[in-house]
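Structure below is query_2.txt: compact mmCIF, C-alpha atoms.
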```
# COMPACT_ATOMS: atom_id res chain seq x y z
CA MET T 660 -14.45 -12.25 9.30
CA ALA T 661 -15.29 -12.75 12.96
CA MET T 662 -11.62 -12.24 13.76
CA LYS T 663 -11.70 -8.83 12.08
CA TRP T 664 -14.63 -7.69 14.23
CA LEU T 665 -12.79 -8.97 17.30
CA ALA T 666 -9.70 -7.03 16.21
CA LEU T 667 -11.78 -3.88 15.68
CA VAL T 668 -13.28 -4.19 19.17
CA ALA T 669 -9.80 -4.67 20.67
CA VAL T 670 -8.39 -1.68 18.78
CA VAL T 671 -11.29 0.64 19.66
CA PHE T 672 -11.19 -0.46 23.31
CA THR T 673 -7.41 0.10 23.57
CA GLY T 674 -7.74 3.48 21.84
CA ALA T 675 -10.53 4.56 24.19
CA LEU T 676 -8.47 3.55 27.23
CA LEU T 677 -5.44 5.45 25.93
CA ILE T 678 -7.48 8.59 25.18
CA TYR T 679 -8.96 8.37 28.70
CA GLY T 680 -5.47 8.01 30.18
CA VAL T 681 -4.06 10.86 28.13
CA SER T 682 -6.16 13.45 30.02
CA ASP T 683 -3.67 13.17 32.91
CA PHE T 684 -0.76 14.09 30.62
CA PRO T 685 0.95 17.51 30.77
CA ASP T 686 -0.48 20.19 28.48
CA TRP T 687 0.92 20.66 24.98
CA GLY T 688 3.97 22.93 25.07
CA SER T 689 4.11 23.13 28.85
CA ALA T 690 7.58 24.03 30.16
CA ASP T 691 6.68 22.75 33.64
CA SER T 692 5.91 19.15 32.67
CA PRO T 693 8.02 16.51 34.45
CA ALA T 694 9.98 15.81 31.27
CA ASN T 695 10.83 19.48 30.69
CA GLY T 696 10.83 21.20 34.09
CA GLY T 697 11.59 18.37 36.48
CA ILE T 698 9.75 17.54 39.67
CA GLU T 699 9.07 20.24 42.26
CA GLY T 700 11.79 20.27 44.91
CA ALA T 701 14.04 17.75 43.16
CA GLY T 702 16.41 20.27 41.60
CA ARG T 703 17.16 20.57 37.89
CA SER T 704 15.76 17.93 35.58
CA VAL T 705 18.08 15.94 33.34
CA SER T 706 17.09 17.97 30.27
CA GLN T 707 17.64 21.30 32.08
CA THR T 708 21.09 20.10 33.09
CA PHE T 709 21.85 19.21 29.48
CA ILE T 710 20.67 22.60 28.21
CA GLN T 711 22.72 24.55 30.76
CA GLU T 712 25.91 22.50 30.75
CA THR T 713 26.57 21.13 27.27
CA LYS T 714 27.90 24.46 25.94
CA PRO T 715 30.40 25.21 28.77
CA LEU T 716 31.52 21.58 29.15
CA THR T 717 31.80 20.53 25.51
CA HIS T 718 31.81 23.77 23.43
CA VAL T 719 29.19 22.16 21.17
CA PRO T 720 26.28 24.55 20.50
CA ASN T 721 23.99 21.78 19.25
CA MET T 722 22.79 20.14 22.46
CA VAL T 723 21.35 17.16 20.61
CA THR T 724 24.79 16.26 19.20
CA ALA T 725 26.46 16.75 22.57
CA VAL T 726 23.95 14.56 24.39
CA LEU T 727 23.98 11.96 21.61
CA ALA T 728 27.73 11.54 21.26
CA ASP T 729 28.98 12.36 24.74
CA TYR T 730 26.44 12.06 27.57
CA ARG T 731 24.73 9.11 25.92
CA GLY T 732 27.82 7.92 24.02
CA TYR T 733 27.52 4.36 25.27
CA ASP T 734 23.91 4.15 24.07
CA THR T 735 24.78 5.60 20.67
CA MET T 736 27.69 3.19 20.27
CA PHE T 737 25.36 0.24 20.66
CA GLU T 738 22.78 1.85 18.36
CA THR T 739 25.54 1.80 15.76
CA VAL T 740 26.21 -1.84 16.59
CA VAL T 741 22.48 -2.56 16.13
CA VAL T 742 22.57 -0.96 12.65
CA PHE T 743 25.67 -3.02 11.83
CA ALA T 744 24.03 -6.20 13.14
CA ALA T 745 20.90 -5.48 11.08
CA GLY T 746 23.03 -5.27 7.94
CA MET T 747 24.73 -8.56 8.78
CA ALA T 748 21.34 -10.18 9.47
CA ILE T 749 20.09 -9.14 6.01
CA PHE T 750 23.28 -10.59 4.54
CA ALA T 751 22.67 -13.86 6.39
CA VAL T 752 19.00 -14.08 5.37
CA LEU T 753 19.13 -13.02 1.73
CA ARG T 754 22.60 -13.29 0.24
CA VAL T 755 22.90 -15.98 -2.43
CA LEU T 756 26.56 -16.89 -2.65
CA LYS T 757 26.43 -19.69 -5.21
CA THR T 758 24.86 -18.70 -8.54
CA VAL T 759 25.40 -20.60 -11.73
CA ASP T 760 26.54 -18.15 -14.43
CA GLY T 761 23.79 -17.02 -16.74
CA GLN T 762 21.05 -18.42 -14.53
CA HIS T 763 19.87 -15.39 -12.60
CA SER T 764 16.28 -15.34 -11.51
CA ARG T 765 15.96 -11.79 -12.86
CA VAL T 766 16.46 -10.60 -16.38
CA ILE T 767 19.22 -7.99 -16.54
CA ARG T 768 17.72 -5.11 -18.49
CA ASP T 769 19.38 -3.48 -21.46
CA ARG T 770 20.80 -0.30 -19.98
CA SER T 771 22.49 1.06 -23.09
CA VAL T 772 21.43 4.53 -24.22
CA ASP T 773 19.73 3.20 -27.36
CA GLY T 774 17.76 0.66 -25.41
CA ASP T 775 16.01 3.10 -23.09
CA HIS T 776 15.43 6.72 -23.96
CA GLN T 777 14.09 7.56 -20.52
CA ARG T 778 17.44 6.57 -19.11
CA ILE T 779 19.05 9.64 -20.71
CA ILE T 780 16.89 12.09 -18.76
CA VAL T 781 17.01 10.17 -15.49
CA GLY T 782 20.71 9.34 -15.85
CA THR T 783 21.76 12.90 -16.66
CA THR T 784 19.69 14.40 -13.86
CA CYS T 785 21.12 11.96 -11.34
CA LYS T 786 24.65 12.53 -12.63
CA ILE T 787 24.23 16.21 -11.71
CA LEU T 788 22.35 15.56 -8.46
CA ILE T 789 24.46 12.83 -6.87
CA PRO T 790 27.65 14.88 -6.25
CA VAL T 791 25.54 17.66 -4.73
CA ILE T 792 23.75 15.19 -2.48
CA GLN T 793 27.08 13.74 -1.36
CA MET T 794 28.54 17.18 -0.64
CA PHE T 795 25.43 18.02 1.35
CA ALA T 796 25.76 14.75 3.28
CA LEU T 797 29.35 15.60 4.24
CA TYR T 798 28.20 19.10 5.26
CA VAL T 799 25.46 17.60 7.46
CA VAL T 800 28.05 15.39 9.17
CA ALA T 801 30.68 18.11 9.60
CA HIS T 802 28.24 20.85 10.65
CA GLY T 803 26.42 18.62 13.14
CA HIS T 804 28.03 20.53 16.01
CA HIS T 805 26.48 23.85 15.01
CA SER T 806 23.18 23.02 13.32
CA PRO T 807 20.79 20.07 13.19
CA GLY T 808 22.75 17.20 11.72
CA GLY T 809 25.30 14.57 12.59
CA GLY T 810 26.44 11.08 11.78
CA PHE T 811 23.09 9.34 11.50
CA GLN T 812 21.48 11.98 9.30
CA GLY T 813 24.56 12.50 7.11
CA GLY T 814 25.05 8.75 6.79
CA VAL T 815 21.49 8.23 5.58
CA ILE T 816 21.85 11.03 2.99
CA LEU T 817 25.17 9.61 1.78
CA GLY T 818 23.67 6.13 1.58
CA ALA T 819 20.69 7.55 -0.34
CA SER T 820 23.05 9.06 -2.94
CA PHE T 821 24.48 5.60 -3.66
CA ILE T 822 20.97 4.14 -3.79
CA LEU T 823 20.01 6.86 -6.29
CA LEU T 824 22.98 5.86 -8.44
CA GLY T 825 21.84 2.25 -8.26
CA LEU T 826 18.30 3.20 -9.26
CA SER T 827 19.24 5.50 -12.13
CA ASP T 828 22.27 3.81 -13.64
CA GLY T 829 21.83 0.19 -12.69
CA MET T 830 23.09 -1.68 -9.69
CA GLU T 831 26.29 -2.73 -11.49
CA THR T 832 27.37 0.93 -11.77
CA ALA T 833 26.70 1.53 -8.09
CA MET T 834 28.46 -1.68 -7.12
CA GLU T 835 31.52 -0.59 -9.10
CA ARG T 836 31.75 2.50 -6.88
CA LEU T 837 30.94 0.72 -3.62
CA SER T 838 31.53 -3.01 -3.98
CA GLU T 839 30.30 -5.59 -1.53
CA GLY T 840 33.69 -6.03 0.12
CA LYS T 841 33.99 -2.27 0.49
CA PHE T 842 30.66 -1.64 2.14
CA VAL T 843 30.94 -4.56 4.55
CA ALA T 844 34.42 -3.31 5.53
CA MET T 845 33.07 0.25 5.80
CA ALA T 846 30.32 -0.84 8.20
CA ALA T 847 32.83 -2.66 10.41
CA ILE T 848 35.32 0.24 10.28
CA GLY T 849 32.60 2.65 11.44
CA VAL T 850 31.92 0.63 14.58
CA LEU T 851 35.68 0.22 15.12
CA ILE T 852 36.26 4.00 14.87
CA TYR T 853 33.59 4.59 17.51
CA ALA T 854 34.79 1.87 19.88
CA GLY T 855 38.42 2.82 19.15
CA ILE T 856 37.91 6.41 20.31
CA GLY T 857 36.24 5.01 23.43
CA LEU T 858 39.10 2.59 24.06
CA LEU T 859 41.68 5.31 23.43
CA SER T 860 40.29 7.39 26.28
CA GLN T 861 40.37 4.25 28.44
CA PHE T 862 44.04 3.63 27.62
CA VAL T 863 44.87 7.22 28.62
CA GLY T 864 43.58 6.36 32.07
CA ARG T 865 39.96 7.50 32.22
CA ASP T 866 36.64 5.78 31.64
CA PHE T 867 35.49 4.23 28.36
CA LEU T 868 34.20 7.00 26.03
CA ASP T 869 35.34 9.75 28.45
CA TYR T 870 36.66 11.96 25.66
CA GLY T 871 38.06 14.58 28.05
CA ALA T 872 41.02 12.25 28.58
CA LEU T 873 42.12 12.84 24.98
CA GLN T 874 43.11 16.46 25.70
CA PRO T 875 46.89 15.80 25.84
CA LEU T 876 46.71 13.74 22.63
CA LEU T 877 44.72 16.30 20.67
CA GLY T 878 46.57 19.28 22.15
CA THR T 879 43.41 21.30 22.78
CA PRO T 880 43.34 24.24 25.23
CA ASP T 881 40.85 22.51 27.53
CA GLU T 882 38.91 19.28 27.94
CA GLY T 883 35.79 20.75 26.36
CA TRP T 884 37.46 21.12 22.98
CA ALA T 885 38.86 17.59 23.26
CA ARG T 886 35.29 16.40 23.78
CA SER T 887 34.11 18.45 20.80
CA HIS T 888 36.74 16.98 18.47
CA ALA T 889 36.28 13.42 19.73
CA MET T 890 32.54 13.78 19.09
CA LEU T 891 33.26 14.64 15.46
CA GLY T 892 35.38 11.49 15.22
CA VAL T 893 32.59 9.42 16.67
CA GLU T 894 30.08 10.96 14.24
CA VAL T 895 32.35 10.02 11.34
CA GLY T 896 32.33 6.43 12.60
CA VAL T 897 28.52 6.47 12.73
CA THR T 898 28.42 7.90 9.18
CA PHE T 899 30.57 5.03 7.86
CA THR T 900 28.33 2.36 9.35
CA VAL T 901 25.00 3.98 8.45
CA THR T 902 26.05 4.73 4.84
CA ALA T 903 27.28 1.19 4.28
CA ILE T 904 24.28 -0.50 5.88
CA MET T 905 21.70 1.68 4.06
CA PHE T 906 23.30 0.72 0.74
CA ALA T 907 23.63 -2.92 1.82
CA ILE T 908 19.90 -3.07 2.69
CA TYR T 909 18.99 -1.65 -0.72
CA VAL T 910 21.22 -3.87 -2.87
CA ASN T 911 20.27 -7.05 -1.04
CA LEU T 912 16.53 -6.36 -1.07
CA ALA T 913 16.43 -5.10 -4.66
CA SER T 914 18.28 -8.07 -6.17
CA LYS T 915 17.03 -10.87 -3.88
CA GLY T 916 20.52 -11.28 -2.48
CA GLU T 917 22.23 -11.83 -5.83
CA LEU T 918 23.66 -8.29 -6.06
CA LYS T 919 23.04 -8.36 -9.81
CA GLY T 920 20.36 -6.84 -12.00
CA GLY T 921 18.38 -5.01 -9.39
CA LEU T 922 15.32 -2.88 -9.90
CA MET E 915 -35.01 25.88 28.30
CA VAL E 916 -32.77 28.75 27.19
CA ASP E 917 -30.79 28.43 30.43
CA PHE E 918 -30.29 24.75 29.74
CA ILE E 919 -28.79 25.43 26.27
CA GLU E 920 -26.58 28.17 27.67
CA ILE E 921 -25.20 25.88 30.38
CA PHE E 922 -24.69 23.13 27.81
CA VAL E 923 -22.74 25.43 25.44
CA GLU E 924 -20.70 26.74 28.36
CA ARG E 925 -19.76 23.22 29.40
CA VAL E 926 -18.81 22.21 25.86
CA VAL E 927 -16.58 25.31 25.53
CA HIS E 928 -15.05 24.53 28.92
CA PHE E 929 -14.41 20.94 27.85
CA ILE E 930 -12.79 22.02 24.57
CA GLU E 931 -10.58 24.62 26.26
CA ASN E 932 -9.42 22.50 29.17
CA VAL E 933 -9.44 18.94 27.88
CA VAL E 934 -9.34 18.91 24.09
CA GLN E 935 -7.08 21.87 23.36
CA PRO E 936 -4.11 20.95 25.59
CA HIS E 937 -4.28 17.27 24.65
CA PHE E 938 -5.24 17.16 20.98
CA ASN E 939 -1.68 16.15 20.06
CA TYR E 940 -1.85 13.02 22.23
CA TRP E 941 -5.23 12.17 20.73
CA SER E 942 -3.84 12.24 17.22
CA TYR E 943 -0.97 9.95 18.25
CA VAL E 944 -3.43 7.54 19.85
CA VAL E 945 -5.45 7.47 16.60
CA LEU E 946 -2.28 6.93 14.56
CA MET E 947 -1.11 4.21 16.93
CA MET E 948 -4.45 2.41 16.73
CA ILE E 949 -4.31 2.49 12.91
CA GLY E 950 -0.92 0.79 13.21
CA LEU E 951 -2.25 -1.73 15.73
CA TRP E 952 -5.20 -2.49 13.42
CA GLY E 953 -2.78 -3.13 10.57
CA LEU E 954 -0.74 -5.41 12.81
CA ILE E 955 -3.53 -7.64 14.11
CA ALA E 956 -6.26 -7.52 11.44
CA LYS E 957 -4.32 -7.65 8.17
CA ARG E 958 -3.20 -11.03 6.88
CA ASN E 959 -0.56 -9.84 4.41
CA LEU E 960 2.92 -9.70 5.94
CA ILE E 961 3.88 -6.48 4.09
CA LYS E 962 0.71 -4.79 5.36
CA LYS E 963 1.61 -5.92 8.85
CA LEU E 964 5.03 -4.26 8.43
CA ILE E 965 3.36 -1.05 7.26
CA GLY E 966 1.21 -1.21 10.39
CA LEU E 967 4.32 -1.68 12.51
CA SER E 968 5.93 1.39 10.91
CA ILE E 969 2.83 3.53 11.52
CA PHE E 970 2.82 2.35 15.14
CA GLN E 971 6.48 3.35 15.47
CA THR E 972 5.81 6.75 13.89
CA ALA E 973 3.09 7.42 16.48
CA ILE E 974 5.54 6.71 19.31
CA ILE E 975 8.24 8.90 17.73
CA LEU E 976 5.78 11.81 17.35
CA PHE E 977 4.64 11.32 20.94
CA TYR E 978 8.20 11.53 22.29
CA VAL E 979 9.08 14.59 20.22
CA SER E 980 5.90 16.35 21.32
CA LEU E 981 6.89 15.80 24.96
CA GLY E 982 9.93 18.01 24.39
CA VAL E 983 7.96 20.95 22.99
CA LYS E 984 7.94 24.13 25.05
CA ALA E 985 5.84 27.17 24.15
CA ASP E 986 7.95 30.06 22.75
CA ALA E 987 11.14 27.96 22.83
CA THR E 988 13.69 27.64 20.04
CA ILE E 989 15.46 24.53 18.73
CA PRO E 990 18.02 22.97 21.11
CA VAL E 991 21.00 24.71 19.47
CA PHE E 992 22.83 27.32 21.52
CA ASP E 993 21.40 30.70 20.49
CA TYR E 994 24.34 33.15 20.36
CA GLU E 995 22.21 36.20 19.46
CA ALA E 996 19.68 35.66 22.24
CA GLU E 997 22.34 34.89 24.85
CA LYS E 998 24.29 38.03 23.89
CA SER E 999 21.36 40.41 24.07
CA LYS E 1000 20.06 39.02 27.35
CA SER E 1001 22.01 41.15 29.84
CA ALA E 1002 25.38 42.82 30.15
CA ALA E 1003 25.95 41.26 33.57
CA VAL E 1004 26.17 37.80 32.05
CA VAL E 1005 29.64 36.95 30.78
CA LEU E 1006 29.33 36.28 27.09
CA PRO E 1007 30.11 32.76 25.89
CA ALA E 1008 33.16 32.25 23.73
CA GLU E 1009 32.48 32.33 20.00
CA PRO E 1010 33.44 29.14 18.20
CA SER E 1011 36.32 30.93 16.47
CA GLU E 1012 38.11 31.74 19.71
CA MET E 1013 39.44 28.34 20.60
CA GLY E 1014 39.70 27.72 24.31
CA GLY E 1015 39.20 29.92 27.33
CA LYS E 1016 38.02 28.75 30.73
CA SER E 1017 34.27 28.91 30.94
CA ASP E 1018 33.28 27.63 34.38
CA GLY E 1019 30.26 29.41 35.79
CA LYS E 1020 29.79 31.60 32.74
CA TYR E 1021 26.65 29.86 31.58
CA LYS E 1022 24.68 29.50 34.77
CA LYS E 1023 22.26 32.13 33.46
CA ILE E 1024 21.14 30.01 30.47
CA ASP E 1025 17.37 29.81 30.70
CA PRO E 1026 16.30 26.17 30.14
CA ASP E 1027 12.84 27.32 29.04
CA HIS E 1028 14.36 29.14 26.05
CA TYR E 1029 15.32 25.83 24.39
CA ALA E 1030 13.22 22.81 23.47
CA ASN E 1031 14.00 19.66 25.41
CA PRO E 1032 16.94 17.96 23.62
CA LEU E 1033 16.55 14.56 25.26
CA PRO E 1034 13.52 13.24 23.29
CA HIS E 1035 15.19 14.42 20.07
CA VAL E 1036 18.30 12.36 20.88
CA LEU E 1037 16.30 9.26 21.75
CA MET E 1038 14.15 9.46 18.61
CA LEU E 1039 17.08 10.30 16.32
CA THR E 1040 18.64 6.91 17.00
CA ALA E 1041 15.23 5.20 17.10
CA ILE E 1042 14.44 6.32 13.55
CA VAL E 1043 17.69 4.98 12.05
CA VAL E 1044 17.51 1.73 14.01
CA GLY E 1045 13.85 1.49 12.93
CA VAL E 1046 14.87 1.71 9.27
CA ALA E 1047 17.57 -0.93 9.77
CA THR E 1048 15.22 -3.35 11.54
CA LEU E 1049 12.53 -2.72 8.91
CA GLY E 1050 15.16 -3.77 6.36
CA VAL E 1051 15.68 -7.02 8.25
CA ALA E 1052 11.91 -7.59 8.37
CA LEU E 1053 11.61 -7.01 4.60
CA ALA E 1054 14.50 -9.41 4.01
CA VAL E 1055 12.75 -12.09 6.04
CA ALA E 1056 9.50 -11.42 4.16
CA GLN E 1057 11.35 -11.73 0.84
CA SER E 1058 12.92 -14.97 2.00
CA ILE E 1059 9.47 -16.30 2.98
CA PHE E 1060 8.13 -15.35 -0.46
CA LYS E 1061 11.01 -17.23 -2.10
CA ASP E 1062 10.07 -20.45 -0.29
CA PHE E 1063 6.26 -20.19 -0.11
CA GLY E 1064 5.36 -18.12 -3.14
CA THR E 1065 2.94 -16.02 -1.09
CA LEU E 1066 2.90 -13.42 1.68
CA GLU E 1067 -0.64 -14.17 2.91
CA GLU E 1068 -0.49 -15.50 6.44
CA HIS E 1069 -3.27 -18.08 6.13
CA GLU E 1070 -1.88 -19.42 2.84
CA ILE E 1071 1.55 -19.84 4.45
CA LEU E 1072 0.00 -21.74 7.37
CA GLU E 1073 -1.90 -23.93 4.90
CA LYS E 1074 1.29 -24.67 2.96
CA ILE E 1075 3.19 -25.53 6.14
CA LYS E 1076 0.47 -28.10 6.96
CA THR E 1077 0.50 -29.68 3.51
CA GLY E 1078 4.29 -29.43 3.14
CA ASP E 1079 3.93 -27.63 -0.17
CA TYR E 1080 6.97 -25.34 -0.06
CA VAL E 1081 10.66 -25.22 -0.98
CA LYS E 1082 12.58 -27.14 1.67
CA HIS E 1083 16.22 -26.40 2.40
CA ASP E 1084 18.61 -29.13 3.49
```
What is this structure when it is put down as structure tokens?
Amino acid sequence: MAMKWLALVAVVFTGALLIYGVSDFPDWGSADSPANGGIEGAGRSVSQTFIQETKPLTHVPNMVTAVLADYRGYDTMFETVVVFAAGMAIFAVLRVLKTVDGQHSRVIRDRSVDGDHQRIIVGTTCKILIPVIQMFALYVVAHGHHSPGGGFQGGVILGASFILLGLSDGMETAMERLSEGKFVAMAAIGVLIYAGIGLLSQFVGRDFLDYGALQPLLGTPDEGWARSHAMLGVEVGVTFTVTAIMFAIYVNLASKGELKGGL
Amino acid sequence: MVDFIEIFVERVVHFIENVVQPHFNYWSYVVLMMIGLWGLIAKRNLIKKLIGLSIFQTAIILFYVSLGVKADATIPVFDYEAEKSKSAAVVLPAEPSEMGGKSDGKYKKIDPDHYANPLPHVLMLTAIVVGVATLGVALAVAQSIFKDFGTLEEHEILEKIKTGDYVKHD
């Protein structure tokens, strides 16, 4: 109990210090704050440069996508690697490889139509919803250049559609569509697509992830369009990894690493 | 006495207008962050600690996104309509349908204050997905602990480590 009071004092003290410090911060919505407007006399800030130059240099109207996949391409590549590594870590921690047949720690529920009337409503609704969700996920990925969206968002939506299938129709049904071998391969392929596009531009003679070098290969009118197309390729790689890892996290956590039964 | 109340009210209004109003967003993130910190250090259940960690992370994400807000700005997606109607002297940007065309110097007139800052959005976009993935790892570890110890209460786990009352792996 004494520890809780100590914790409360620490939390209130830290909060008070932070609120005191916050009074020096730029006003809400200020365009002149150091993050938005740069420092007086130091020229354009990084964000102003991004806003003014992404469209002419990459032909991508969505600045967030352009900064994510091109200017900060190296960072995003390793974010993808982190997601991949997280999936592998869950595999290492939870996956039970040796199970004696018929001795699962969880009872596999009767999922036949007669056994569970609620399943009809949930199953039918999800059967209609899942294709729409997947189409929307692909739209989010493909339209990431022109509207909010991209590989991470689309990948999470696509992964969620498989999770919904697992929740509504049983994990076995979902695993039939996306088996363990498939999703582990998918996660690795996603990272390989990303790194491969980076390496390709290096082989052409420019820097790693300098997509402008791909212009002769893609046959685009200028380097900006080569960047735009390469970004789409990179986003597809991210989608592969994120989809696979989101589903991998769900199936491993829901079945205690046995990949059977599930919730 | 009346003067005293008037001065007091004036000062309170001044304080609200100049200190509270421009900074209320940071205050709410500080409160959210402290709720997360409280969950992290005061709760004994490992799942509650993870919830605290997630709330803490949410506060930081909101803080970053709020740094990119500009008054009267639109989302950081190139605004064709606004750029067209701005002035006839500015060379219009190529529509996405017309592939190609040299564009050097055409866009120098883009007003940075018309768009929200894209950089915090980029940073937080990846942070959210990586946050979900690492939360998955944390839940997996918690599940693995539960398998071996049969509990998620911190003090019970410490007790069981002392007495050796848990599933040991070779």
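Using all atoms listed in the file, the contacts of Leu727 in chain T at a cut-off of 10 Å, with sequence neighbours closer than 3 positions omitted, comprise Met722, Val723, Thr724, Tyr730, Arg731, Gly732, Tyr733, Asp734, Thr735, Met736, Gly809, Met890 and Glu894 of chain T; Pro1032, Leu1033, His1035, Val1036, Leu1037, Leu1039 and Thr1040 of chain E.
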Write out as a tab-separated table a residue-level contact list of chain E versus chain T with cut-off 7 Å: for each qualifying residue the closest pair of atoms and the distance in Å to one decimal, counting all atoms listed in the file, rows sorted by chain and residue number upward.
```
residue	atom	partner	partner_atom	distance
E:Val933	CA	T:Ser682	CA	6.7
E:Pro936	CA	T:Asp686	CA	4.7
E:His937	CA	T:Asp686	CA	6.1
E:Tyr940	CA	T:Val681	CA	6.7
E:Trp941	CA	T:Ile678	CA	6.1
E:Val944	CA	T:Gly674	CA	6.2
E:Val945	CA	T:Gly674	CA	7.0
E:Met948	CA	T:Val670	CA	6.0
E:Leu951	CA	T:Val670	CA	6.9
E:Trp952	CA	T:Val670	CA	6.3
E:Ile955	CA	T:Ala666	CA	6.5
E:Ala956	CA	T:Lys663	CA	5.6
E:Gly982	CA	T:Asn695	CA	6.5
E:Val983	CA	T:Gly688	CA	4.9
E:Lys984	CA	T:Gly688	CA	4.1
E:Ala985	CA	T:Gly688	CA	4.7
E:Pro990	CA	T:Met722	CA	5.7
E:Val991	CA	T:Asn721	CA	4.2
E:Phe992	CA	T:Pro720	CA	4.5
E:Gly1014	CA	T:Pro880	CA	5.1
E:Ser1017	CA	T:Pro715	CA	5.8
E:Asp1018	CA	T:Pro715	CA	6.8
E:Tyr1021	CA	T:Pro715	CA	6.6
E:Lys1022	CA	T:Gln711	CA	6.7
E:Ile1024	CA	T:Gln711	CA	5.7
E:Pro1026	CA	T:Gln707	CA	5.4
E:Asp1027	CA	T:Ala690	CA	6.3
E:Asn1031	CA	T:Ser706	CA	6.0
E:Pro1032	CA	T:Val723	CA	5.4
E:Leu1033	CA	T:Ser706	CA	6.1
E:His1035	CA	T:Val723	CA	6.8
E:Val1036	CA	T:Val723	CA	5.7
E:Thr1040	CA	T:Glu738	CA	6.7
E:Val1043	CA	T:Phe811	CA	7.0
E:Val1044	CA	T:Val742	CA	5.9
E:Ala1047	CA	T:Val742	CA	5.8
E:Thr1048	CA	T:Ala745	CA	6.1
E:Gly1050	CA	T:Ile908	CA	6.0
E:Val1051	CA	T:Ile749	CA	5.4
E:Ala1054	CA	T:Ile749	CA	5.9
E:Val1055	CA	T:Val752	CA	6.6
E:Ser1058	CA	T:Leu753	CA	6.5
```
Fill in the blank from the handout: Separating CA of Val843 in chain T from CA of Ala903 in chain T, to the nearest tenth of an Å, is a gap of 6.8 Å
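CA of Gly829 in chain T sits 14.4 Å away from CA of Thr784 in chain T.
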Practice task
Measuring atom to atom with only C-alpha atoms, identify which of T:Gly871, T:Gly803, T:Phe862, T:Ala796 is nearest to Phe899 in chain T.
Solution key: T:Ala796
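Take CA of Phe929 in chain E and CA of Val916 in chain E: the distance between them is 20.0 Å.
Summary of the local environment: counting only C-alpha atoms, residues at most 12 Å from Thr972 in chain E, other than itself and those fewer than 4 positions away along its chain, are Ser942, Tyr943, Val944, Val945, Leu946, Met947, Met948, Ile949, Gly950, Leu951, Ile965, Gly966, Leu967, Ser968, Leu976, Phe977, Tyr978, Val979, Met1038, Ala1041, Ile1042, Gly1045 and Val1046 of chain E.
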Just the selected residues (C-alpha atoms), exported as a tab-separated table (two decimals), in the coordinates of the input, please.
```tsv
chain	number	residue	atom	x	y	z
E	942	SER	CA	-3.84	12.24	17.22
E	943	TYR	CA	-0.97	9.95	18.25
E	944	VAL	CA	-3.43	7.54	19.85
E	945	VAL	CA	-5.45	7.47	16.60
E	946	LEU	CA	-2.28	6.93	14.56
E	947	MET	CA	-1.11	4.21	16.93
E	948	MET	CA	-4.45	2.41	16.73
E	949	ILE	CA	-4.31	2.49	12.91
E	950	GLY	CA	-0.92	0.79	13.21
E	951	LEU	CA	-2.25	-1.73	15.73
E	965	ILE	CA	3.36	-1.05	7.26
E	966	GLY	CA	1.21	-1.21	10.39
E	967	LEU	CA	4.32	-1.68	12.51
E	968	SER	CA	5.93	1.39	10.91
E	976	LEU	CA	5.78	11.81	17.35
E	977	PHE	CA	4.64	11.32	20.94
E	978	TYR	CA	8.20	11.53	22.29
E	979	VAL	CA	9.08	14.59	20.22
E	1038	MET	CA	14.15	9.46	18.61
E	1041	ALA	CA	15.23	5.20	17.10
E	1042	ILE	CA	14.44	6.32	13.55
E	1045	GLY	CA	13.85	1.49	12.93
E	1046	VAL	CA	14.87	1.71	9.27
```
Exercise for the section: Using all atoms listed in the file, determine which residues lie at most 12 Å from Met834 in chain T, disregarding the query and same-chain residues fewer than 6 positions distant; provide the list as a list of chain:residue names. Expected result: T:Phe821, T:Ile822, T:Leu824, T:Gly825, T:Leu826, T:Asp828, T:Gly840, T:Lys841, T:Phe842, T:Ala903, T:Phe906, T:Ala907, T:Tyr909, T:Val910, T:Asn911, T:Glu917, T:Leu918, T:Lys919, T:Gly920, T:Gly921
Any chance you could export the current selection's C-alpha atoms as a PDB file, in the frame of the given file?
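Full text of result21.pdb as output:
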```pdb
ATOM      1  CA  PHE T 821      24.480   5.600  -3.660  1.00  0.00           C
ATOM      2  CA  ILE T 822      20.970   4.140  -3.790  1.00  0.00           C
ATOM      3  CA  LEU T 824      22.980   5.860  -8.440  1.00  0.00           C
ATOM      4  CA  GLY T 825      21.840   2.250  -8.260  1.00  0.00           C
ATOM      5  CA  LEU T 826      18.300   3.200  -9.260  1.00  0.00           C
ATOM      6  CA  ASP T 828      22.270   3.810 -13.640  1.00  0.00           C
ATOM      7  CA  GLY T 840      33.690  -6.030   0.120  1.00  0.00           C
ATOM      8  CA  LYS T 841      33.990  -2.270   0.490  1.00  0.00           C
ATOM      9  CA  PHE T 842      30.660  -1.640   2.140  1.00  0.00           C
ATOM     10  CA  ALA T 903      27.280   1.190   4.280  1.00  0.00           C
ATOM     11  CA  PHE T 906      23.300   0.720   0.740  1.00  0.00           C
ATOM     12  CA  ALA T 907      23.630  -2.920   1.820  1.00  0.00           C
ATOM     13  CA  TYR T 909      18.990  -1.650  -0.720  1.00  0.00           C
ATOM     14  CA  VAL T 910      21.220  -3.870  -2.870  1.00  0.00           C
ATOM     15  CA  ASN T 911      20.270  -7.050  -1.040  1.00  0.00           C
ATOM     16  CA  GLU T 917      22.230 -11.830  -5.830  1.00  0.00           C
ATOM     17  CA  LEU T 918      23.660  -8.290  -6.060  1.00  0.00           C
ATOM     18  CA  LYS T 919      23.040  -8.360  -9.810  1.00  0.00           C
ATOM     19  CA  GLY T 920      20.360  -6.840 -12.000  1.00  0.00           C
ATOM     20  CA  GLY T 921      18.380  -5.010  -9.390  1.00  0.00           C
TER      21      GLY T 921
END
```
